Structure formats: C-alpha cells, structure tokens
Amino acid sequence: MKLRAERRVSHKWTALLLLGAVLAQAEIRVQCPGDTDGDAVVDQPISGRQIKCMHLSAGDGFANMADGKLQYIFSFANLTGTPVGDAMMAGMLAAEFPAPLITLKEGEEFYLTVTNVGMTRRPDLFDGHSVHFHGFPNASAVFDGVPDASAVPVMAASFTYYYNIVEPGTYMYHCHVEATEHMQMGMLGNLYVQPKQNDLADGTILGAHVHRNPDGAGPLGDRYVYNDGDGSTRYDVEFPIQMSSFDPAFHEASLQVQPLPFAMMRDKYAMLNGRGYPDTINPSPIPNSETGGFGQKMNSRVSAVRGQKILLRLSNLSVTAFFTLTSSGLPMKVVGTGARLLRGPDGKDLYYETNSVTLGGGEAADVIVDSSSLQPGTYFLYTSNLNFLSNDGEDFGGMMTEVVIQ
Amino acid sequence: MNTVLKVSCVVALMAAFAVPESAKGAVFYLRAGETNLAMPDGQVIRVWGFARDTSLALNDGTITVPGPALEIPIGDPNLTIHLKNHLPNLNGAPVPVSIIIPGLTAALNPVRHVNGRVRSFTHESFPGTPGTYSWNDVKPGTYLYHSGTHPALQVQMGLYGSLTKNFSTGEAYAGKIFDREVVLFYSELDPALHSAVALDDYGPGKSVTSTVHYAPKYFLINGSPFSGAASPLPAGSVGEKVLVRFYNAGLKSHAPLLQGAFMKVIAEDGRAYRYPRERYSFLLPAGKTMDALVEFRSAGQYAIYDRMMALTTGAGLPGGFLAFLAVSAAP
Amino acid sequence: MKPLAIVVFALFAVSMNAGVCEAAIQGRTGTEFDLVARAGHITTGDGDSILMWGYAVGNGLMQYPGPTLIVNEGDLITVRLKNELSEPVSIIFPGQDGVLAIGGNSGLLTREAPPDGATVVTYTFVASQPGTYMYHSGTRVDFQVEMGLTGALIVRPSSGANRAYSHPQTSFDREYLFVLSEIDPTIHELVELGRRSEVDMSRYFPVLWFLNGRTSPDTMADDGAPWLPHQPYGCLPRLHPGEIILTRVIGGGRDLHPFHPHGNHLRIIGENGRLLESAPGAGPDLSYSDFTLTVVPGSTYDALFTWTGEKLGWDIYGHGPGDPLQPNEYAPDHGKPLPVQLPEKQNLMFGNHYSGSPFLGAFGDLPPGTGGMNASGGLFFMWHSHTEKEIVNNDIFPGGMMTMLIVEPPAVRIP
C-alpha cells in the first residue's frame, strides 16, 4: 500500500513538472461574480441577480465496475469550495463517475469553470477538455464545448462558461473533445433545471391545482418538472438516472497506451449513474481499488412513500447503444422529452402512459410514476435489453435498480 | 440458499391460499418445461416454454414458444395463474421459475441470492411446488407475460407469451373498434445460449457465465421464422378494421414496416394514446407491445418486415421477421 | 486530434472556401425517372474505397444514396428500372400505396429486374400525399440496402413552394436532407471478391457511418464535389438568424441513430410522411420539440429548426448599446457585454471552425496555424449521431455521421 501511495504522488509530481515546463504561462482562474476568494462559492450575493457557480476539474481517475473490475476513466470532479490554489492537486486523479451532478434553477446565471488538470496516468496526452451543456437552447458556439467550433482549455488552464438559464428540464453534460474517446472514458454527467413555477406564491391558482409554497420553495412546497400552468407535472421526489456503458477493452487500451479500438468498441458494462447492479442500490459512495478515492458517488435506488409522485429524470449518454428502461408494473407517464414539456404548440397535451422508455445517447425523458396504486414493497427498473443485466461475464447485474415503496 | 428457497415456497403457498378460488376471475394453469423447435434451416433448438393445462393435476397442454395466448374475459379485473415447474435441473439443482406481467401492476415478492442480489422479481415455483400469481387490476390491453426469474436467461430460453383483454366485444380500448385481429409476436433465439443450457454449461465457472455476448440468429414471428412455406396471416377484407397486436419478446428493438398501407398506432404497453399516430412503420423496443388499426383499401398480400433488418435465418438465409397479411376483396 | 484527421480537415478547408453551397435539396425533378442499378466505388474518410451497388440515373454513375426524386403532390410517378448487377433487384416505396409493378419477374415483395442490363420493370404510383419518403430495393432488403440500393423521395405539396405539407405552419426558408446510414465493409469486400454466397447478414457489424452517403468531413463538401463522383450529395446546413430551415431526416440504414442538432431544438412536425396533426387541416398541433431525434430505420422525419441566440444574456453580435439591431436580433440582450473573460490564447486550443471571436460575424486574433475554416465569422454547430461511436471512420476519429450547421451573419449571402 505504501509503495502504491508513493507512486501516486510521484505521478502527480511528474505531471505537474511536465505541465510547468510546457505550459508555464497557463492560468487557473475561477470567474464567479460575488465570489471574493476564488473558490466558486458566492460570498457576497449581487442584488437582482441569481448567480450560481461551480468549479470542475477535468482529468483522469478510476472506477470499479460491479464485478470488481477496475476501469481507468476520464471525467470531471467537483472543485467548488476548493481554494483556487489547491485546484490542480485536488483535481488530479479525482475523476468522478458519473461526473458531478449539476442542478440549476430557471432564472439563474450559471458560471461554470472547468480546469484541465491533465491525465496523470497518461502524461503523454495533451488533450484539451470542455463542457458541452447538452440541449442548451439557442446556444452560442463559444460556450458549446465543441472543440472544432470554439476554444478549449489546455492542461493547467481554466475556462469559464456562462449560461443564462431560461428553460427548465432534464439535460445532461459531457466533454466534447475527442468525443468518442473522452465519452467512452466516462466524461458524462446529469444536469437538470428546475422551473420558476416552484417559486410562485403560496395559494397561487394553477388551473385546477392550488400551488403550495409555505416555506419559499423549500421542502414543504410543490415542485414541478416544467412551467405547466396546471400542476400536471407536480412531483414529490425526484431521481436523476443516467444510462451509460463501458467497453473494458477500450479502457484497458487507454491505460496501457495502446491504439484505441474505436471500430471494435463493444460495451460490456451497462450502468445507471455509473454503476451496475447491485452497486446501483448501494447508498454509499464507492471507493476505487486503485487510489481509494470515492469517485462513484451516485446510487440510483428509488424510494418513496406510497402515494407520492416519483419523478425519474432519465437520460442516456452511452456512446454505443440505445437502451430501453422498463419497469415491473410501475405506471409511467412521460411528461417531457428533450427538456421540453410534452405539449403541442397550441397546448395539446401529448403526455402518454407506458411501461418503458427507449433512449439513445443524448436523449432524455421526464417520467412521473404515481405510486398511489402500488402496494408497499420492492419493484424494479431495468433494461429490457435483458442481455445487459450483466456486469460483463457476471450474471444478475447490469442496468437495473430497485424501487422501494414504503 | 436453502433458507431463501423455503421462504419463497411459503410465500407461494400463502399467495395460493389467500383468496378463495371462486373470487379470482380468470384462472389459468401454466406449466414451464422443455421442448424442441425445428428451424427452417434444419437446426433443432432446445427451448423452454409454457403449456396451458386444464388443471393443476393434469399435464394435458403442449409446451410452446411463445407460450399460450391468454385472454381475459371482458370486464374482469382479476387474473390468477397457477404455475407448475417442469424445467430440467441445471448445475445439479432445480431451476426456479415465475411469471410477471411488466405492463400490469401487482405486488411482488422478490427472491434474493444469499449475496443480496435479486434473482427473481417475484416468488418462485419449484418442481413439485407450484406457485400462484395473482393480479386484481387487469385493464383492457395487450401485454407480454414472461418469467420474472433470472429473466436474462429465462426470457431468452422462451418463457414468454401474450395476454389480452378487450374493453368490450370488438373494442380493444374505449372507442377503438375492430372487426378482425392479427397477432404478430416477435421473439429471437441465440442458439449458442440454448446449446450451453442444453449441455448444462451455463453458470458460474461454466463456459457461458452471462448473457452479455447475446447474438440472435433466429427471428420468430408467432413462433417461427419466415420461410417460403409460411402461409399469409388472414387480415380480413377491404374496408374492415383490422387490429394488429405487436409483441416484442426479443432482447433487441425492431421496426415493423407495413408495405403499401398506413396504420393508426393506438396504444403501447396496454395504454391507449390520446392522439393515435398514422404510420407505416414504428419502433418496437424490446419488451414492448403496440396496437395498431389498419383499414386496407385494396385486396392483396401486404408484406410486413423488420426495417431493422432481422431478415435472416441462421447463417444468413433469407427469412426472419417477415410476414404477409392476406386481405380479401370486400364481401 | 490525430494527424490524419488534421490533414483531412485541411483539405476540406480549401474546398469549402472555393465552392458554392446550395441551400436547395439536390435531386431529380419530374414525373418519369429511368434508373439503372449498377456498381461503383465510394470513398470514405479513412481513405478506403468501397464497392457499392446503387441506383444511377440513365447512363450516369452509380450513386450513394440513389438520386433524390423530387415530385409534386398528385402527380402520377413512373420509375423504370434496369439492372446491370449480378442478381435480381427491385424498388419498393414505403409510405406509398397502390404501387403498380409491371415487367421483369415476380419477387417476394414486388416485381424484380433480372441482371441482364436490358429488362425494364416499371413502377407507377400517384404521389398522393406530400412529405419525406424513401425508396429502396425490395429484393433481399437487408443485403441490398446495405449494398446501397436506397434513396430519398420528396413529395412537395400542391399548396405552394417552401412548405413541407399543405398547411402554412409548415413553411420554411431553406431545406436540407439528412439520409442516415451505415455499412459493414466486410460484406462489400466479400461481394467484390466474388464471394457473395459467404455473406452472412446476421454477423453484421458496421464501422462506417454516413450522412447523405458521405462520411465526415466529406459531408461538409459541396454538392457534386468532383472528387466524390459517386457521392453527389453534401450535407452542410446554413441559415441566417431567425430563418426557419426544414430538415428532412431519413433512417436509411438498419440501425437506430440519435441525431443531435447542436445550437437549438428541432420541432418535429411530420413523421413517415404525415403531418403531426390531431385532425385534417389542424396544422402541426401535435408537433413536439426535442434536442435529439430518435431516427428509426425506415422512418422519416420533417423537423423545423431556427436560431436567434435569444436570451443568452449577452449580445451575440458583440454590439455596443448604440449600435443598430441586426435582423431578428433578440433586442433585450442588445449591447450586453460577454459576462466572462475568455482566457488568454496560451491557455487555449482553438478549433478550425472558430473565428477567434465569440461574436457572430466577428473575427479574433488566432495563433498561427489555427482556425482557417471559417471564412465568414459564422457560428458552427455540430450536427451528429449522439451514438458517438458513429462519429468515427472505422478506427479514425473524427468522421462518420457528423456535419456542421453554420449560422451565418446576416450580411453573408447563402445561395
């Protein structure tokens, strides 16, 4: 263990020295109005503006699959709250899978700083990194994260993206540099935006629904998926669930500095929020067996009290496959797709009921499960592409989680 | 492991005796067992399937793939399935089996391995110990039933079938009237898995340890791949409303395409759409059912084929997911 | 970025600046079409040359996809087919009913042209409803569509030009076609080696992905680019802010593709050649918006797309408060500065489609050797399959099912 720890440190210092030599002028800088000390936390709110800041590192790390297999990954880690001077050391080998959850509110101005901390275990790589806020409407090119059409930060440099948040819904984010490689390697995360309708005054009439907001959009108030005008997207508990999949041969080739198998890519681990079953229901962060870091922070266990409406914010960021997520008898109502309320231009209600949702990479759906007809007990959310109920060669795993109704 | 088995048997028995037989509505006696399917290329595949018997005591049904089509009487929300297990042992132990209907809500009694992982979504039936499965809110619609135990293996092996209930006679859902009904039940076979199971070579430490390498070679409509010998499915006559019920019990998505006519797609997973869509083709994901209404405007044979091109049988022979609907002239 | 990709993109840069882009969908108009099934080789972004079978116009070259047939609602359409290949072929028209086939030999799905180069099969039908459709071989559909025997069919409404359907709410300023497909080159190699009988379609494993028959970066080259004689159709959508483009998307292959338009949502108004309406004449009242379109093979989609850059919270033109508004500019953001400072150049890697400035129509200072593929100061948005494995050409990234949409400054002319 001691040896391993020393190697880790030496890797980090090697990387830092390399960076120092090559990129002497690069600059790590957090831009966040109202933040006085560079940690991406607003210290002095600015009147009349709702400012939200985050600081992410982009680099490498490790994650363990549900069968124990160690995977080398690229991804983001959350440096929000970390002093800017510590960002490089804190971000190295700290990649989280999935990438840190981003939750936003309509009306916020989102300042997202990404610092490229380099790939410690791949010092031969000088890749840039970016954030693509997938689905952002009326996007600009400069903040779209596509390296061909913008500029992205080099190692030991930062880039601050600015997003004026105007459309609620379920989005996702990922790195768009060398997209096939960086996304297969794990630079994928959940992102959603809550609507202004949550902030309406207590007692506001929304069609047949009376909005409750006794504590200022706190836990006692009603929450909605969209500004529906009638309360039809109200929910009690929400769960972002992102589908993804890994090809272990690709990750191994990356770690061993071998040619990457793009054409032969065949994913063997199908996951929800970066874990296969039964890790999906493990409530704790999972440490990886290489560095001991807790990079797999999200579970996808769904729980609710009978009678509650459960919002499933479903998305898929697999780079190889569509997946169908089905349920054992949960009544699913799809109220939104692609971060838009499912309504026609003149307001026709296009919601539909189903038992499964099929999503390709870059697709999202908002599904409400009304648990009032369910007996207390355990139900299942799983892929009906049943061969992916596997963690590679291990049975009884894969893309599945449990839904517990109390 | 023994503890788990005992618990599941108790649960099954409790479920069986909880409600008097007379109050249960539709009652079916199914039996899971082995049989062989002959493919048009001469291959014989060992499969698992369901038979419908007339009682628990009799084994007078025939094991088929897909399993028997179960029809629930109009207006009856209750369904009971008694399940006997005649599956062969694997790894020297009995193979448990169960039934779930993913599109219908019912309380589940999951069974877990000793390591905590769920191996069955609901209580299991064992050889000599039948299980009873009940639903009390069967809504009109088109549903799949299949094994809820080790579904990655058992659904592939053939343990699936269809279940339907009409809103009223000749009315699938409220206002969705039909004169004729056509069933297109799609499923897939990967002979490598069936061979491993037949040789008791599936499981931890065996040559096949999971289903991740799934590669189906046979694509069955209503239990058999298309071959030149297949006769067209009768689909009524010109001007009639034909209800086509689509089921996908395969593990992959498909896209049935009706050549020469449009369908009104009216429901998925037993839930009617508010606004049906007019389409000649649609996505039929794994595990889903879809209902469509067609009114043919001229007599003839209409091809319906998988546009995701599962149009082969075995090692590349033409066949697979292709069927013809025969429409006769208006009477 | 890999060295080969840089070379390929550099080649493209030269071509794009030299050529003229066409906003209209290229194809054949009329009511009668003479098609010949013949073989030829296409080129792919990894430098490969692949044998394809395709529908050629008369004595013309095999092309992939086949000629886009552009017809008018209500016309009686006649398509005559001859076959210079080595096995029988045919044409079927999904979404058309009452297709009459005469001549040739009877086949499983329709009448077929034998491989004699002479026999004519004639298909006739009335293009009764406007919309986007496709046609493809009805003979060994899985194999022959893979070989390239497929093409687009567009039926224009009789109600007027620049509409997708009869209803005025389907109007557009420009239109673009996106035929999505993929191939497994091992099948084509077997055919080329005369080992057709060894082809096993159940082992299908694609490694090349196409838009309009081209892999990226060729997707962005001109229609009719001389070095792509068998792949005449480009795929480079362009628009000015506020214009509406109609995207006609066709699932031409056999796999599902999640088609992701960067820049803004698509509003899907039609599917399978039918307007998404609750009743005849209602207009697209069942249309829906999404940021990624599930493209099902065999299905077609008509979607509207527009972009203004509204509500970004800063002026996309980089105006000062006193500057005049641009056409369709979102006025509340006028004159608002960029809320963040972009890093100094030494902190950044620059894309070749980046003008060096975040502002539409502006250029910035770029390091030597970067940029260069953005002649107008336009904003480039990637349109691609979000199954990101499909934006490679075999083992080479980038490529495949990917192109760019360009938002051009108002002053730049789009043909």
# chains A, B, ... in the order shown; residues from 1 in each chain; ligands from 1
>>> interface_residues(of="chain A", to="chain B", cutoff="9 Å", atoms="only C-alpha atoms", output="number ranges by chain")
A: 268-269, 277-278, 323-324, 326-331, 349-358, 373-380, 383-397
>>> closest_atom_pairs(of="chain C", to="chain A", cutoff="6 Å", atoms="only C-alpha atoms", output="CSV")
residue,atom,partner,partner_atom,distance
C:Val207,CA,A:Ala263,CA,5.4
C:Pro258,CA,A:Gly360,CA,5.5
C:Gly263,CA,A:Ala139,CA,4.9
C:Asn264,CA,A:Pro137,CA,4.6
C:Asp285,CA,A:Gly344,CA,5.2
C:Leu286,CA,A:Gly344,CA,4.8
C:Ser287,CA,A:Gly344,CA,5.4
C:Tyr288,CA,A:Gly344,CA,5.9
C:Asp290,CA,A:Gly338,CA,4.4
C:Phe291,CA,A:Gly338,CA,5.1
C:Thr292,CA,A:Glu363,CA,5.7
C:Trp307,CA,A:Asn138,CA,5.9
C:Gly309,CA,A:Asn138,CA,4.7
C:Leu312,CA,A:Asn164,CA,5.6
C:Gly313,CA,A:Asn164,CA,5.7
C:Asn347,CA,A:Ala26,CA,5.0
C:Leu348,CA,A:Pro153,CA,4.6
C:Met349,CA,A:Val152,CA,5.3
C:Phe350,CA,A:Ala151,CA,4.4
C:Gly351,CA,A:Asp148,CA,3.8
C:Asn352,CA,A:Asp148,CA,5.6
C:His353,CA,A:Ala149,CA,4.6
C:Tyr354,CA,A:Ala149,CA,4.6
C:Pro358,CA,A:Val142,CA,5.3
C:Leu379,CA,A:Ala141,CA,5.8
C:Phe380,CA,A:Ala149,CA,5.6
C:His386,CA,A:Gly361,CA,5.2
C:Thr387,CA,A:Val319,CA,4.5
C:Glu388,CA,A:Val319,CA,4.7
C:Lys389,CA,A:Val319,CA,5.5
C:Asn394,CA,A:Ala263,CA,5.0
C:Asp395,CA,A:Phe262,CA,4.9
>>> write_last_selection(atoms="N, CA and C atoms", output="compact mmCIF listing (two decimals), in the first residue's frame")
# COMPACT_ATOMS: atom_id res chain seq x y z
N VAL C 207 -18.91 -0.26 -39.29
CA VAL C 207 -17.80 0.57 -38.81
C VAL C 207 -17.69 1.89 -39.59
N PRO C 258 -29.38 8.33 -32.73
CA PRO C 258 -29.86 9.53 -32.05
C PRO C 258 -29.21 10.75 -32.70
N GLY C 263 -26.98 23.67 -31.12
CA GLY C 263 -27.45 25.02 -31.41
C GLY C 263 -28.85 25.28 -30.92
N ASN C 264 -29.77 24.35 -31.18
CA ASN C 264 -31.13 24.55 -30.71
C ASN C 264 -31.92 23.25 -30.87
N ASP C 285 -50.40 20.58 -34.84
CA ASP C 285 -50.73 20.83 -33.43
C ASP C 285 -50.26 19.70 -32.51
N LEU C 286 -49.78 18.60 -33.09
CA LEU C 286 -49.19 17.53 -32.26
C LEU C 286 -47.67 17.51 -32.40
N SER C 287 -47.09 18.58 -32.96
CA SER C 287 -45.64 18.61 -33.11
C SER C 287 -44.99 18.75 -31.74
N TYR C 288 -43.74 18.32 -31.65
CA TYR C 288 -43.04 18.34 -30.37
C TYR C 288 -41.58 18.74 -30.60
N ASP C 290 -37.47 18.55 -29.42
CA ASP C 290 -36.51 17.69 -28.73
C ASP C 290 -35.11 18.13 -29.12
N PHE C 291 -34.15 17.81 -28.23
CA PHE C 291 -32.77 18.15 -28.57
C PHE C 291 -32.02 16.99 -29.21
N THR C 292 -32.64 15.84 -29.28
CA THR C 292 -32.07 14.72 -30.02
C THR C 292 -33.22 13.93 -30.62
N TRP C 307 -32.76 29.58 -35.18
CA TRP C 307 -31.78 30.01 -34.19
C TRP C 307 -31.69 31.52 -34.25
N GLY C 309 -30.17 33.02 -31.10
CA GLY C 309 -29.28 33.35 -29.99
C GLY C 309 -29.99 34.12 -28.89
N LEU C 312 -29.41 34.69 -24.45
CA LEU C 312 -28.09 34.25 -24.00
C LEU C 312 -27.63 35.07 -22.80
N GLY C 313 -28.19 36.27 -22.64
CA GLY C 313 -27.74 37.14 -21.56
C GLY C 313 -26.57 38.02 -21.98
N ASN C 347 -3.69 29.74 -23.03
CA ASN C 347 -4.46 28.79 -22.23
C ASN C 347 -5.36 27.90 -23.08
N LEU C 348 -5.41 28.17 -24.37
CA LEU C 348 -6.48 27.56 -25.17
C LEU C 348 -5.95 26.77 -26.36
N MET C 349 -6.77 25.78 -26.76
CA MET C 349 -6.62 25.12 -28.04
C MET C 349 -7.79 25.59 -28.90
N PHE C 350 -7.49 25.95 -30.16
CA PHE C 350 -8.51 26.57 -30.99
C PHE C 350 -8.99 25.61 -32.07
N GLY C 351 -10.29 25.62 -32.30
CA GLY C 351 -10.85 24.79 -33.35
C GLY C 351 -10.75 25.47 -34.70
N ASN C 352 -10.69 24.67 -35.75
CA ASN C 352 -10.52 25.23 -37.09
C ASN C 352 -11.78 25.94 -37.60
N HIS C 353 -12.92 25.67 -36.96
CA HIS C 353 -14.14 26.36 -37.36
C HIS C 353 -14.42 27.57 -36.46
N TYR C 354 -13.49 27.91 -35.60
CA TYR C 354 -13.68 29.02 -34.69
C TYR C 354 -13.04 30.26 -35.30
N PRO C 358 -16.15 35.23 -30.02
CA PRO C 358 -17.43 34.62 -29.66
C PRO C 358 -18.62 35.24 -30.41
N LEU C 379 -21.16 31.06 -36.90
CA LEU C 379 -21.10 30.18 -35.73
C LEU C 379 -21.36 28.76 -36.21
N PHE C 380 -20.48 27.84 -35.84
CA PHE C 380 -20.59 26.45 -36.29
C PHE C 380 -21.15 25.58 -35.17
N HIS C 386 -25.47 10.97 -31.83
CA HIS C 386 -25.01 11.01 -30.45
C HIS C 386 -24.65 9.62 -29.93
N THR C 387 -24.78 8.59 -30.77
CA THR C 387 -24.03 7.37 -30.50
C THR C 387 -22.63 7.70 -30.99
N GLU C 388 -21.79 8.21 -30.09
CA GLU C 388 -20.56 8.89 -30.51
C GLU C 388 -19.58 7.92 -31.18
N LYS C 389 -19.83 6.65 -30.98
CA LYS C 389 -19.02 5.68 -31.72
C LYS C 389 -19.17 5.89 -33.22
N ASN C 394 -14.20 4.10 -39.36
CA ASN C 394 -13.53 2.90 -38.91
C ASN C 394 -12.76 3.25 -37.63
N ASP C 395 -11.46 3.17 -37.57
CA ASP C 395 -10.77 3.44 -36.31
C ASP C 395 -10.28 4.88 -36.18
>>> closest_residue(among="C:Asp116, C:Asp34, C:Asp200, C:Asp173", to="Gly314 in chain B", atoms="only C-alpha atoms")
C:Asp200
>>> interface_residues(of="chain C", to="chain B", cutoff="10 Å", atoms="only C-alpha atoms", output="ChimeraX atom specification")
/C:92-99,108-110,140-143,145-146,197-203,251-256,271-279,286,294-300
>>> atom_distance(atom1="CA of Phe205 in chain C", atom2="CA of Gln43 in chain B")
24.0 Å
>>> select_by_dssp(residues="range 354-385 of chain C", states="strand (DSSP E or B)", output="list in words")
Leu379, Phe380, Phe381, Met382, Trp383, His384 and Ser385 of chain C
>>> write_last_selection(atoms="C-alpha atoms", output="mmCIF file, in the first residue's frame")
data_model
loop_
_atom_site.group_PDB
_atom_site.id
_atom_site.type_symbol
_atom_site.label_atom_id
_atom_site.label_comp_id
_atom_site.auth_asym_id
_atom_site.auth_seq_id
_atom_site.Cartn_x
_atom_site.Cartn_y
_atom_site.Cartn_z
ATOM 1 C CA LEU C 379 -21.096 30.183 -35.726
ATOM 2 C CA PHE C 380 -20.588 26.453 -36.293
ATOM 3 C CA PHE C 381 -22.743 23.870 -34.553
ATOM 4 C CA MET C 382 -22.077 20.179 -34.834
ATOM 5 C CA TRP C 383 -24.958 18.000 -36.061
ATOM 6 C CA HIS C 384 -24.192 14.376 -35.468
ATOM 7 C CA SER C 385 -25.129 10.961 -34.232
#
>>> residues_around(residues="range 72-87 of chain A", least_positions_apart="5", cutoff="8 Å", atoms="only C-alpha atoms", output="number ranges by chain")
A: 28-30, 37-41, 53-63, 94-100, 115, 119, 182, 185-188, 251-252, 254-255
>>> write_last_selection(atoms="C-alpha atoms", output="mmCIF file, in the first residue's frame")
data_model
loop_
_atom_site.group_PDB
_atom_site.id
_atom_site.type_symbol
_atom_site.label_atom_id
_atom_site.label_comp_id
_atom_site.auth_asym_id
_atom_site.auth_seq_id
_atom_site.Cartn_x
_atom_site.Cartn_y
_atom_site.Cartn_z
ATOM 1 C CA ILE A 28 -6.037 28.619 -13.410
ATOM 2 C CA ARG A 29 -8.743 31.149 -12.803
ATOM 3 C CA VAL A 30 -12.278 30.963 -11.441
ATOM 4 C CA ASP A 37 -11.757 34.219 -2.709
ATOM 5 C CA GLY A 38 -11.751 32.163 -5.919
ATOM 6 C CA ASP A 39 -13.426 29.018 -4.636
ATOM 7 C CA ALA A 40 -16.500 29.346 -6.891
ATOM 8 C CA VAL A 41 -18.782 29.991 -3.929
ATOM 9 C CA CYS A 53 -21.078 28.986 -9.763
ATOM 10 C CA MET A 54 -19.300 25.689 -9.982
ATOM 11 C CA HIS A 55 -15.706 24.720 -10.497
ATOM 12 C CA LEU A 56 -14.979 21.343 -12.071
ATOM 13 C CA SER A 57 -11.675 19.709 -12.747
ATOM 14 C CA ALA A 58 -11.324 17.617 -15.892
ATOM 15 C CA GLY A 59 -8.836 14.794 -15.734
ATOM 16 C CA ASP A 60 -8.447 11.100 -15.040
ATOM 17 C CA GLY A 61 -9.134 8.586 -12.308
ATOM 18 C CA PHE A 62 -10.504 5.133 -11.688
ATOM 19 C CA ALA A 63 -13.835 3.444 -11.114
ATOM 20 C CA ALA A 94 -10.066 12.671 -8.701
ATOM 21 C CA ALA A 95 -12.394 11.977 -11.656
ATOM 22 C CA GLU A 96 -15.939 11.079 -10.605
ATOM 23 C CA PHE A 97 -18.217 8.721 -12.486
ATOM 24 C CA PRO A 98 -20.731 9.902 -13.322
ATOM 25 C CA ALA A 99 -19.456 13.462 -13.366
ATOM 26 C CA PRO A 100 -20.738 15.677 -10.529
ATOM 27 C CA THR A 115 -9.864 23.436 -15.024
ATOM 28 C CA MET A 119 -4.348 12.955 -17.276
ATOM 29 C CA HIS A 182 -13.484 11.075 -23.811
ATOM 30 C CA MET A 185 -13.812 7.043 -20.924
ATOM 31 C CA GLY A 186 -16.541 8.498 -18.708
ATOM 32 C CA MET A 187 -16.827 12.294 -19.013
ATOM 33 C CA LEU A 188 -20.627 12.186 -18.572
ATOM 34 C CA HIS A 251 -10.357 1.485 -21.009
ATOM 35 C CA GLU A 252 -7.561 -1.059 -20.770
ATOM 36 C CA SER A 254 -6.186 3.679 -22.877
ATOM 37 C CA LEU A 255 -4.381 2.878 -19.630
#
>>> atom_distance(atom1="CA of Gly318 in chain C", atom2="CA of Leu338 in chain C")
7.7 Å
>>> atom_distance(atom1="CA of Asp222 in chain C", atom2="CA of Gln63 in chain C")
15.3 Å
>>> residues_around(residues="Gly239 in chain B", least_positions_apart="6", cutoff="10 Å", atoms="only C-alpha atoms", output="ChimeraX atom specification")
/B:179,294-299,327-331
>>> write_last_selection(atoms="C-alpha atoms", output="PDB file, in the first residue's frame")
ATOM      1  CA  ASP B 179     -63.536  -6.325 -36.974  1.00  0.00           C
ATOM      2  CA  VAL B 294     -55.415  -0.787 -40.300  1.00  0.00           C
ATOM      3  CA  GLU B 295     -58.093  -0.362 -42.946  1.00  0.00           C
ATOM      4  CA  PHE B 296     -56.864  -1.854 -46.186  1.00  0.00           C
ATOM      5  CA  ARG B 297     -58.064  -0.136 -49.341  1.00  0.00           C
ATOM      6  CA  SER B 298     -57.441  -2.966 -51.763  1.00  0.00           C
ATOM      7  CA  ALA B 299     -57.229  -6.722 -51.681  1.00  0.00           C
ATOM      8  CA  VAL B 327     -56.619  -9.122 -47.390  1.00  0.00           C
ATOM      9  CA  SER B 328     -59.595 -10.292 -49.405  1.00  0.00           C
ATOM     10  CA  ALA B 329     -61.961  -8.228 -51.523  1.00  0.00           C
ATOM     11  CA  ALA B 330     -64.867  -6.553 -49.798  1.00  0.00           C
ATOM     12  CA  PRO B 331     -67.708  -9.043 -49.358  1.00  0.00           C
TER      13      PRO B 331
END
